[in-house]
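protein38.cif (mmCIF, C-alpha atoms) appears below.
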data_work
loop_
_atom_site.label_atom_id
_atom_site.label_comp_id
_atom_site.auth_asym_id
_atom_site.auth_seq_id
_atom_site.Cartn_x
_atom_site.Cartn_y
_atom_site.Cartn_z
CA MET R 1 -6.25 7.84 13.80
CA ASN R 2 -9.93 7.08 14.21
CA THR R 3 -12.04 5.42 11.52
CA GLN R 4 -13.81 8.61 10.46
CA ASP R 5 -10.55 10.51 9.90
CA PHE R 6 -9.01 7.62 7.98
CA THR R 7 -12.13 7.30 5.82
CA PHE R 8 -12.01 11.03 5.09
CA LEU R 9 -8.36 10.76 4.02
CA VAL R 10 -9.07 7.73 1.81
CA ASN R 11 -11.97 9.50 0.09
CA MET R 12 -10.04 12.74 -0.36
CA LEU R 13 -7.08 10.97 -1.98
CA LYS R 14 -9.39 8.96 -4.25
CA LYS R 15 -11.14 12.14 -5.41
CA THR R 16 -8.02 14.25 -5.96
CA SER R 17 -5.64 11.67 -7.42
CA GLY R 18 -7.42 8.35 -7.95
CA HIS R 19 -5.06 6.67 -5.50
CA VAL R 20 -6.55 4.13 -3.15
CA LEU R 21 -5.03 4.15 0.34
CA ALA R 22 -5.34 0.64 1.73
CA GLU R 23 -5.53 0.05 5.46
CA ASP R 24 -2.22 -1.80 5.42
CA LYS R 25 -0.55 1.39 4.13
CA GLY R 26 -1.53 3.32 7.23
CA TYR R 27 2.07 3.16 8.41
CA LEU R 28 2.89 5.79 5.76
CA LEU R 29 0.82 8.43 7.49
CA ASP R 30 3.28 9.42 10.20
CA SER R 31 6.34 9.41 7.94
CA ARG R 32 4.71 11.37 5.12
CA LEU R 33 2.25 13.60 6.93
CA GLY R 34 4.17 14.19 10.14
CA PRO R 35 6.46 16.82 8.56
CA ILE R 36 3.42 18.56 7.01
CA ALA R 37 1.62 18.64 10.36
CA ARG R 38 4.64 20.27 12.00
CA LYS R 39 5.11 22.78 9.19
CA GLU R 40 1.43 23.74 9.32
CA ASN R 41 1.62 24.09 13.13
CA TYR R 42 -0.52 21.13 14.09
CA ASP R 43 0.39 19.01 17.11
CA SER R 44 -0.10 15.70 15.30
CA VAL R 45 -1.19 14.01 12.10
CA ASP R 46 -4.56 13.43 13.73
CA ALA R 47 -4.92 17.17 14.32
CA LEU R 48 -3.96 17.85 10.70
CA ILE R 49 -6.63 15.47 9.35
CA LYS R 50 -9.27 16.90 11.69
CA ALA R 51 -8.44 20.39 10.41
CA MET R 52 -8.77 19.19 6.82
CA ARG R 53 -12.21 17.78 7.60
CA THR R 54 -13.48 21.05 9.02
CA LYS R 55 -11.71 23.65 6.87
CA ASN R 56 -12.20 22.17 3.38
CA ASP R 57 -8.87 23.81 2.50
CA ASP R 58 -7.90 23.03 -1.13
CA ARG R 59 -4.32 24.12 -0.50
CA LEU R 60 -3.91 21.74 2.42
CA ASN R 61 -5.63 18.94 0.53
CA ALA R 62 -3.19 19.42 -2.36
CA ILE R 63 -0.16 19.34 -0.04
CA VAL R 64 -1.34 16.12 1.61
CA THR R 65 -2.21 14.52 -1.74
CA GLU R 66 1.27 15.31 -3.04
CA ALA R 67 2.91 13.80 0.03
CA MET R 68 0.87 10.61 -0.15
CA THR R 69 1.29 10.06 -3.90
CA THR R 70 5.02 10.73 -4.27
CA ASN R 71 6.72 7.41 -5.02
CA GLU R 72 10.27 6.17 -5.12
CA THR R 73 12.17 5.94 -8.38
CA PHE R 74 15.75 5.53 -9.59
CA PHE R 75 17.71 5.42 -12.83
CA PHE R 76 16.99 2.41 -15.08
CA ARG R 77 14.59 1.03 -12.49
CA ASP R 78 13.80 -2.67 -13.05
CA ARG R 79 16.21 -2.62 -16.00
CA THR R 80 14.13 -4.93 -18.28
CA PRO R 81 11.86 -2.19 -19.72
CA PHE R 82 14.87 -0.13 -20.70
CA ASP R 83 16.56 -3.14 -22.29
CA LEU R 84 13.38 -3.83 -24.29
CA PHE R 85 13.13 -0.18 -25.29
CA LYS R 86 16.66 -0.40 -26.68
CA SER R 87 16.54 -3.89 -28.24
CA ASP R 88 12.97 -4.02 -29.58
CA VAL R 89 11.15 -0.70 -29.58
CA ILE R 90 13.85 1.55 -31.05
CA PRO R 91 14.52 -0.81 -34.01
CA HIS R 92 10.78 -1.03 -34.76
CA LEU R 93 10.31 2.74 -34.68
CA THR R 94 13.47 3.32 -36.71
CA ALA R 95 12.16 0.98 -39.41
CA ASN R 96 8.66 2.48 -39.43
CA ARG R 97 9.17 6.22 -38.98
CA PRO R 98 10.41 8.68 -41.64
CA ALA R 99 14.06 9.63 -41.28
CA GLY R 100 14.47 12.79 -39.23
CA SER R 101 11.08 12.57 -37.53
CA LYS R 102 10.50 12.64 -33.78
CA ILE R 103 9.76 9.68 -31.57
CA LYS R 104 7.22 10.93 -29.03
CA ILE R 105 7.44 9.36 -25.59
CA TRP R 106 5.28 9.96 -22.54
CA CYS R 107 6.54 9.11 -19.07
CA ALA R 108 3.42 9.21 -16.92
CA ALA R 109 4.08 9.47 -13.17
CA ALA R 110 7.69 10.46 -13.89
CA SER R 111 8.41 11.43 -10.28
CA SER R 112 11.82 13.12 -9.88
CA GLY R 113 12.92 12.48 -13.45
CA GLN R 114 15.13 9.41 -13.40
CA GLU R 115 12.94 7.49 -15.86
CA PRO R 116 12.80 10.15 -18.63
CA TYR R 117 16.50 10.91 -18.18
CA SER R 118 17.28 7.18 -18.47
CA LEU R 119 15.36 7.07 -21.77
CA ALA R 120 17.13 10.20 -23.01
CA MET R 121 20.49 8.55 -22.33
CA ILE R 122 19.47 5.46 -24.29
CA MET R 123 18.29 7.57 -27.22
CA ARG R 124 21.57 9.46 -27.28
CA GLU R 125 23.61 6.24 -27.06
CA GLU R 126 21.61 4.73 -29.94
CA ALA R 127 21.59 7.86 -32.12
CA ALA R 128 24.04 6.46 -34.68
CA ARG R 129 21.62 3.72 -35.78
CA MET R 130 18.40 5.72 -35.71
CA LYS R 131 18.41 7.41 -39.14
CA GLY R 132 18.33 10.86 -37.64
CA LEU R 133 15.26 10.18 -35.50
CA GLN R 134 14.96 12.57 -32.58
CA SER R 135 13.20 12.09 -29.27
CA SER R 136 10.56 14.22 -27.63
CA ILE R 137 9.80 13.14 -24.07
CA LEU R 138 6.88 14.41 -22.04
CA ALA R 139 7.39 13.69 -18.34
CA THR R 140 4.35 14.26 -16.14
CA ASP R 141 3.55 13.88 -12.47
CA ILE R 142 0.92 15.05 -10.03
CA SER R 143 3.56 16.45 -7.65
CA ASP R 144 5.00 19.94 -8.07
CA LYS R 145 7.82 19.09 -5.67
CA VAL R 146 9.25 16.16 -7.61
CA LEU R 147 8.81 17.94 -10.94
CA GLU R 148 10.84 20.90 -9.69
CA LYS R 149 13.59 18.51 -8.66
CA ALA R 150 13.45 16.78 -12.05
CA LYS R 151 13.77 20.10 -13.88
CA THR R 152 16.96 20.99 -12.00
CA GLY R 153 18.64 17.76 -13.11
CA LEU R 154 20.50 17.65 -9.79
CA TYR R 155 20.92 14.37 -7.94
CA SER R 156 22.74 13.19 -4.84
CA GLN R 157 25.60 10.71 -4.82
CA PHE R 158 23.18 8.08 -3.51
CA GLU R 159 20.71 8.75 -6.33
CA VAL R 160 23.25 8.49 -9.16
CA GLN R 161 24.64 5.28 -7.71
CA ARG R 162 21.21 3.57 -7.75
CA GLY R 163 20.82 1.77 -11.07
CA LEU R 164 22.99 4.10 -13.14
CA PRO R 165 25.93 2.35 -14.87
CA VAL R 166 29.18 4.05 -13.96
CA GLN R 167 30.10 4.68 -17.60
CA LEU R 168 26.86 6.64 -18.11
CA MET R 169 27.40 8.59 -14.89
CA VAL R 170 30.85 9.65 -16.07
CA LYS R 171 29.53 10.50 -19.54
CA TYR R 172 26.33 12.38 -18.67
CA PHE R 173 26.88 13.91 -15.22
CA GLU R 174 29.23 16.49 -13.76
CA LYS R 175 29.94 17.32 -10.15
CA ALA R 176 28.12 20.33 -8.75
CA ASN R 177 29.35 20.81 -5.17
CA ASP R 178 27.81 17.90 -3.24
CA LEU R 179 25.45 16.96 -6.06
CA TRP R 180 25.65 15.66 -9.63
CA ARG R 181 24.18 17.66 -12.54
CA ILE R 182 22.85 15.89 -15.62
CA ASP R 183 24.04 16.90 -19.10
CA PRO R 184 21.90 19.84 -20.32
CA ARG R 185 21.79 18.24 -23.78
CA LEU R 186 19.54 15.53 -22.33
CA GLN R 187 17.25 18.09 -20.74
CA GLN R 188 16.61 19.73 -24.11
CA HIS R 189 14.52 16.77 -25.24
CA ILE R 190 12.34 16.55 -22.12
CA THR R 191 9.31 18.63 -21.14
CA PHE R 192 8.23 18.36 -17.51
CA ARG R 193 4.58 19.10 -16.80
CA LYS R 194 2.18 18.72 -13.90
CA PHE R 195 -0.60 16.34 -14.89
CA ASN R 196 -3.14 14.16 -13.11
CA LEU R 197 -3.96 10.82 -14.77
CA LEU R 198 -7.61 11.43 -13.94
CA GLU R 199 -7.57 14.33 -16.41
CA ASN R 200 -8.43 14.12 -20.11
CA PHE R 201 -5.47 12.94 -22.23
CA ARG R 202 -6.59 14.51 -25.51
CA GLY R 203 -4.60 17.71 -25.11
CA LEU R 204 -1.35 15.75 -24.78
CA GLY R 205 -1.35 14.46 -28.36
CA GLN R 206 -0.41 11.01 -29.64
CA PHE R 207 2.66 9.05 -28.55
CA ASP R 208 4.81 6.30 -30.02
CA VAL R 209 5.70 4.98 -26.57
CA VAL R 210 4.11 5.40 -23.14
CA PHE R 211 5.81 4.44 -19.90
CA CYS R 212 3.11 4.17 -17.23
CA ARG R 213 4.96 2.07 -14.70
CA ASN R 214 4.29 1.39 -11.04
CA VAL R 215 1.33 3.75 -10.81
CA LEU R 216 -1.73 1.68 -11.79
CA ILE R 217 -1.18 -0.42 -8.66
CA TYR R 218 -2.44 2.54 -6.61
CA PHE R 219 -5.83 2.77 -8.37
CA ASP R 220 -8.99 0.72 -8.01
CA GLN R 221 -10.06 -1.58 -10.84
CA ALA R 222 -12.50 0.85 -12.46
CA THR R 223 -9.88 3.62 -12.56
CA LYS R 224 -7.24 1.26 -13.96
CA THR R 225 -9.63 0.25 -16.76
CA ASP R 226 -10.48 3.86 -17.53
CA ILE R 227 -6.82 4.92 -17.70
CA LEU R 228 -5.82 1.96 -19.90
CA ASN R 229 -8.66 2.59 -22.35
CA ARG R 230 -7.75 6.27 -22.58
CA LEU R 231 -4.07 5.40 -23.02
CA ALA R 232 -5.03 3.25 -26.02
CA GLN R 233 -6.42 6.37 -27.69
CA SER R 234 -3.19 8.25 -26.98
CA ILE R 235 -0.80 5.69 -28.47
CA ALA R 236 -0.01 5.37 -32.17
CA PRO R 237 -1.55 2.29 -33.86
CA ASP R 238 1.85 0.53 -33.85
CA GLY R 239 3.00 2.12 -30.60
CA PHE R 240 3.98 0.57 -27.29
CA LEU R 241 2.93 0.67 -23.65
CA PHE R 242 5.23 -0.22 -20.75
CA LEU R 243 3.69 -1.17 -17.41
CA GLY R 244 5.38 -2.10 -14.14
CA ALA R 245 6.35 -5.67 -13.28
CA ALA R 246 3.39 -6.00 -10.87
CA GLU R 247 0.88 -4.52 -13.34
CA THR R 248 -1.14 -6.07 -16.15
CA VAL R 249 -3.97 -5.34 -18.57
CA MET R 250 -5.49 -8.78 -18.02
CA GLY R 251 -9.04 -8.53 -16.72
CA LEU R 252 -8.93 -4.75 -17.02
CA SER R 253 -8.89 -3.79 -20.70
CA ASP R 254 -8.95 -5.53 -24.06
CA ALA R 255 -7.37 -2.51 -25.77
CA PHE R 256 -3.86 -3.92 -25.29
CA VAL R 257 -2.21 -7.32 -25.52
CA PRO R 258 1.13 -8.35 -23.99
CA VAL R 259 4.06 -8.98 -26.31
CA PRO R 260 5.02 -12.65 -25.78
CA GLY R 261 8.24 -13.08 -23.86
CA LYS R 262 8.64 -9.32 -23.28
CA ARG R 263 7.69 -8.68 -19.67
CA GLY R 264 5.87 -5.41 -19.13
CA LEU R 265 5.61 -4.55 -22.85
CA TYR R 266 2.18 -4.17 -24.50
CA ILE R 267 0.85 -3.22 -27.92
CA ARG R 268 -2.52 -2.10 -29.24
CA LYS R 269 -4.78 -5.08 -29.85
CA GLY R 270 -4.77 -6.26 -33.45
CA GLN R 271 -1.74 -4.22 -34.50
CA ALA R 272 1.22 -5.51 -36.47
CA ALA R 273 3.84 -4.37 -33.98
CA ALA R 274 3.78 -7.81 -32.35
CA ALA R 275 5.37 -9.35 -35.41
CA GLN R 276 8.20 -6.85 -35.19
CA VAL R 277 9.11 -7.49 -31.55
CA ALA R 278 8.05 -11.08 -30.94
#
Here is a file; write its structure as structure tokens.
Amino acid sequence: MNTQDFTFLVNMLKKTSGHVLAEDKGYLLDSRLGPIARKENYDSVDALIKAMRTKNDDRLNAIVTEAMTTNETFFFRDRTPFDLFKSDVIPHLTANRPAGSKIKIWCAAASSGQEPYSLAMIMREEAARMKGLQSSILATDISDKVLEKAKTGLYSQFEVQRGLPVQLMVKYFEKANDLWRIDPRLQQHITFRKFNLLENFRGLGQFDVVFCRNVLIYFDQATKTDILNRLAQSIAPDGFLFLGAAETVMGLSDAFVPVPGKRGLYIRKGQAAAAQVA
């Protein structure tokens, strides 16, 4: 791919999704865009990009953006955030929310649903000690394709074996031909919605917990700062933010501070939640 075509693709992705395509990620082009080129009857990825430059086709731009921004996920990925959610966040919210109220959780960049379903399983397992608290999980992603998969609740044998404890697989999944179907009771607490993190957050409401993991790494510094500052306005004063292991607020935003000794867990600056989970 020549420099002009690559520059066009970089700029298009930045405009539509905020994602920054680094030169060392060029190897993704053939694997992710090759199938699209063939489906759209282009001889090569180069031909596809050239067509995008000349046609200004929003539909094609959206298809390519979705392909380039779809990221891998699996159940209980990186385990630590889910352990902290269970051991620290749930007890704090249980102690500070009226009995019977809803804990509102937002999984930003939820991909094919394993993260919100993992949280729903934890909430159901911990129900006995939560004073009747219910969960309401909003799971968003920029990709229609992965959201449709998430809504079905159907996963392959390989997918349910990645990170999912066998006791939870037996308890919350049933065989459906060659796939595994998640318990519909977990789906009742999750709303899947297409959403771009470049959009305004105000219409989403306020959340007790936000999981925004392994997505900030794809943005430039200015976009990271903007998203973090807007997330601070979307999280309850004593709420929590989870970021990925390779992500941080340091040097980006002073709206959050890390919880000491709790990797990936952040609270609003100046709030009392730190005393509850330190």
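The spacing separating CA of Phe192 (chain R) from CA of Ala150 (chain R) amounts to 7.7 Å.
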Residue neighbourhood Thr94 (chain R), 12 Å, all atoms listed in the file, exclusion window fewer than 4 positions, as a PyMOL selection string
chain R and resi 85-90+98-103+123+126-135+208+276
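Here the PyMOL selection byres ((chain R and resi 62) around 12) matches the residues Leu9, Met12, Leu13, Lys15, Thr16, Ser17, Ile36, Met52, Asn56, Asp57, Asp58, Arg59, Leu60, Asn61, Ile63, Val64, Thr65, Glu66, Ala67, Met68, Thr69, Ile142, Ser143, Asp144, Lys145 and Asn196 of chain R.
Relative to CA of Leu119 (chain R), CA of Cys107 (chain R) is found at 9.4 Å.
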Who sits within 8 Å of Phe74 (chain R), only C-alpha atoms, same chain under 6 positions skipped, as an mmCIF file with C-alpha atoms, in the frame of the given file:
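Resulting contents of result20.cif:
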data_model
loop_
_atom_site.group_PDB
_atom_site.id
_atom_site.type_symbol
_atom_site.label_atom_id
_atom_site.label_comp_id
_atom_site.auth_asym_id
_atom_site.auth_seq_id
_atom_site.Cartn_x
_atom_site.Cartn_y
_atom_site.Cartn_z
ATOM 1 C CA GLN R 114 15.130 9.410 -13.400
ATOM 2 C CA GLU R 115 12.940 7.490 -15.860
ATOM 3 C CA GLU R 159 20.710 8.750 -6.330
ATOM 4 C CA ARG R 162 21.210 3.570 -7.750
ATOM 5 C CA GLY R 163 20.820 1.770 -11.070
#
So which residues touch Pro258 (chain R) within 12 Å, counting all atoms listed in the file, skipping near sequence neighbours fewer than 3 positions away, as a VMD selection string?
chain R and resid 240 to 243 247 to 250 253 to 255 261 to 271 273 to 274 277 to 278
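Among R:Val210, R:Leu216, R:Val259, R:Val45, the residue with the shortest atom-to-atom distance to Asp5 (chain R), counting only C-alpha atoms, is R:Val45.
The space separating CA of Phe173 (chain R) from CA of Ala245 (chain R) comes to 28.4 Å.
The closest residue to Ile105 (chain R), picked from R:Gln233, R:Gln206, R:Thr7, R:Gln157 and counting all atoms listed in the file, is R:Gln206.
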Name the residues in contact with Arg202 (chain R) at a cut-off of 9 Å, using all atoms listed in the file, excluding same-chain residues fewer than 2 positions from it; report them as a VMD selection string.
chain R and resid 200 204 to 206 230 233 to 234
For the structure provided, state which residues fall under the PyMOL selection byres ((chain R and resi 116) around 10), and present them as a PyMOL selection string.
chain R and resi 75-76+105-108+110-115+117-122+137-140+150+186-187+189-192+211
Please return as a ChimeraX atom specification every residue within 6 Å of (20.9, 16.3, -10.5), taking into account all atoms listed in the file and the file's own coordinates.
/R:153-155,180-182
File output for region 137-149 of chain R (N, CA and C atoms) as a PDB file, in the first residue's frame:
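The result, written out as result-v1.pdb:
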ATOM      1  N   ILE R 137     -26.802  -3.348  33.251  1.00  0.00           N
ATOM      2  CA  ILE R 137     -25.545  -3.247  32.515  1.00  0.00           C
ATOM      3  C   ILE R 137     -25.809  -2.740  31.106  1.00  0.00           C
ATOM      4  N   LEU R 138     -25.165  -1.640  30.762  1.00  0.00           N
ATOM      5  CA  LEU R 138     -25.195  -1.135  29.396  1.00  0.00           C
ATOM      6  C   LEU R 138     -23.899  -1.564  28.729  1.00  0.00           C
ATOM      7  N   ALA R 139     -24.012  -2.302  27.637  1.00  0.00           N
ATOM      8  CA  ALA R 139     -22.842  -2.788  26.899  1.00  0.00           C
ATOM      9  C   ALA R 139     -22.843  -2.143  25.524  1.00  0.00           C
ATOM     10  N   THR R 140     -21.828  -1.346  25.244  1.00  0.00           N
ATOM     11  CA  THR R 140     -21.788  -0.616  23.978  1.00  0.00           C
ATOM     12  C   THR R 140     -20.554  -0.987  23.167  1.00  0.00           C
ATOM     13  N   ASP R 141     -20.677  -0.819  21.866  1.00  0.00           N
ATOM     14  CA  ASP R 141     -19.546  -1.018  20.973  1.00  0.00           C
ATOM     15  C   ASP R 141     -19.838  -0.283  19.676  1.00  0.00           C
ATOM     16  N   ILE R 142     -18.794   0.001  18.926  1.00  0.00           N
ATOM     17  CA  ILE R 142     -18.948   0.690  17.655  1.00  0.00           C
ATOM     18  C   ILE R 142     -19.349  -0.264  16.530  1.00  0.00           C
ATOM     19  N   SER R 143     -19.191  -1.572  16.784  1.00  0.00           N
ATOM     20  CA  SER R 143     -19.390  -2.576  15.743  1.00  0.00           C
ATOM     21  C   SER R 143     -20.757  -3.246  15.828  1.00  0.00           C
ATOM     22  N   ASP R 144     -21.536  -3.148  14.764  1.00  0.00           N
ATOM     23  CA  ASP R 144     -22.821  -3.853  14.694  1.00  0.00           C
ATOM     24  C   ASP R 144     -22.620  -5.359  14.754  1.00  0.00           C
ATOM     25  N   LYS R 145     -21.576  -5.829  14.082  1.00  0.00           N
ATOM     26  CA  LYS R 145     -21.355  -7.276  13.962  1.00  0.00           C
ATOM     27  C   LYS R 145     -21.145  -7.929  15.321  1.00  0.00           C
ATOM     28  N   VAL R 146     -20.267  -7.359  16.143  1.00  0.00           N
ATOM     29  CA  VAL R 146     -20.003  -7.988  17.440  1.00  0.00           C
ATOM     30  C   VAL R 146     -21.185  -7.822  18.384  1.00  0.00           C
ATOM     31  N   LEU R 147     -21.918  -6.724  18.260  1.00  0.00           N
ATOM     32  CA  LEU R 147     -23.093  -6.527  19.105  1.00  0.00           C
ATOM     33  C   LEU R 147     -24.173  -7.550  18.785  1.00  0.00           C
ATOM     34  N   GLU R 148     -24.351  -7.867  17.511  1.00  0.00           N
ATOM     35  CA  GLU R 148     -25.334  -8.880  17.138  1.00  0.00           C
ATOM     36  C   GLU R 148     -24.948 -10.236  17.720  1.00  0.00           C
ATOM     37  N   LYS R 149     -23.664 -10.542  17.691  1.00  0.00           N
ATOM     38  CA  LYS R 149     -23.201 -11.794  18.289  1.00  0.00           C
ATOM     39  C   LYS R 149     -23.461 -11.789  19.798  1.00  0.00           C
TER      40      LYS R 149
END
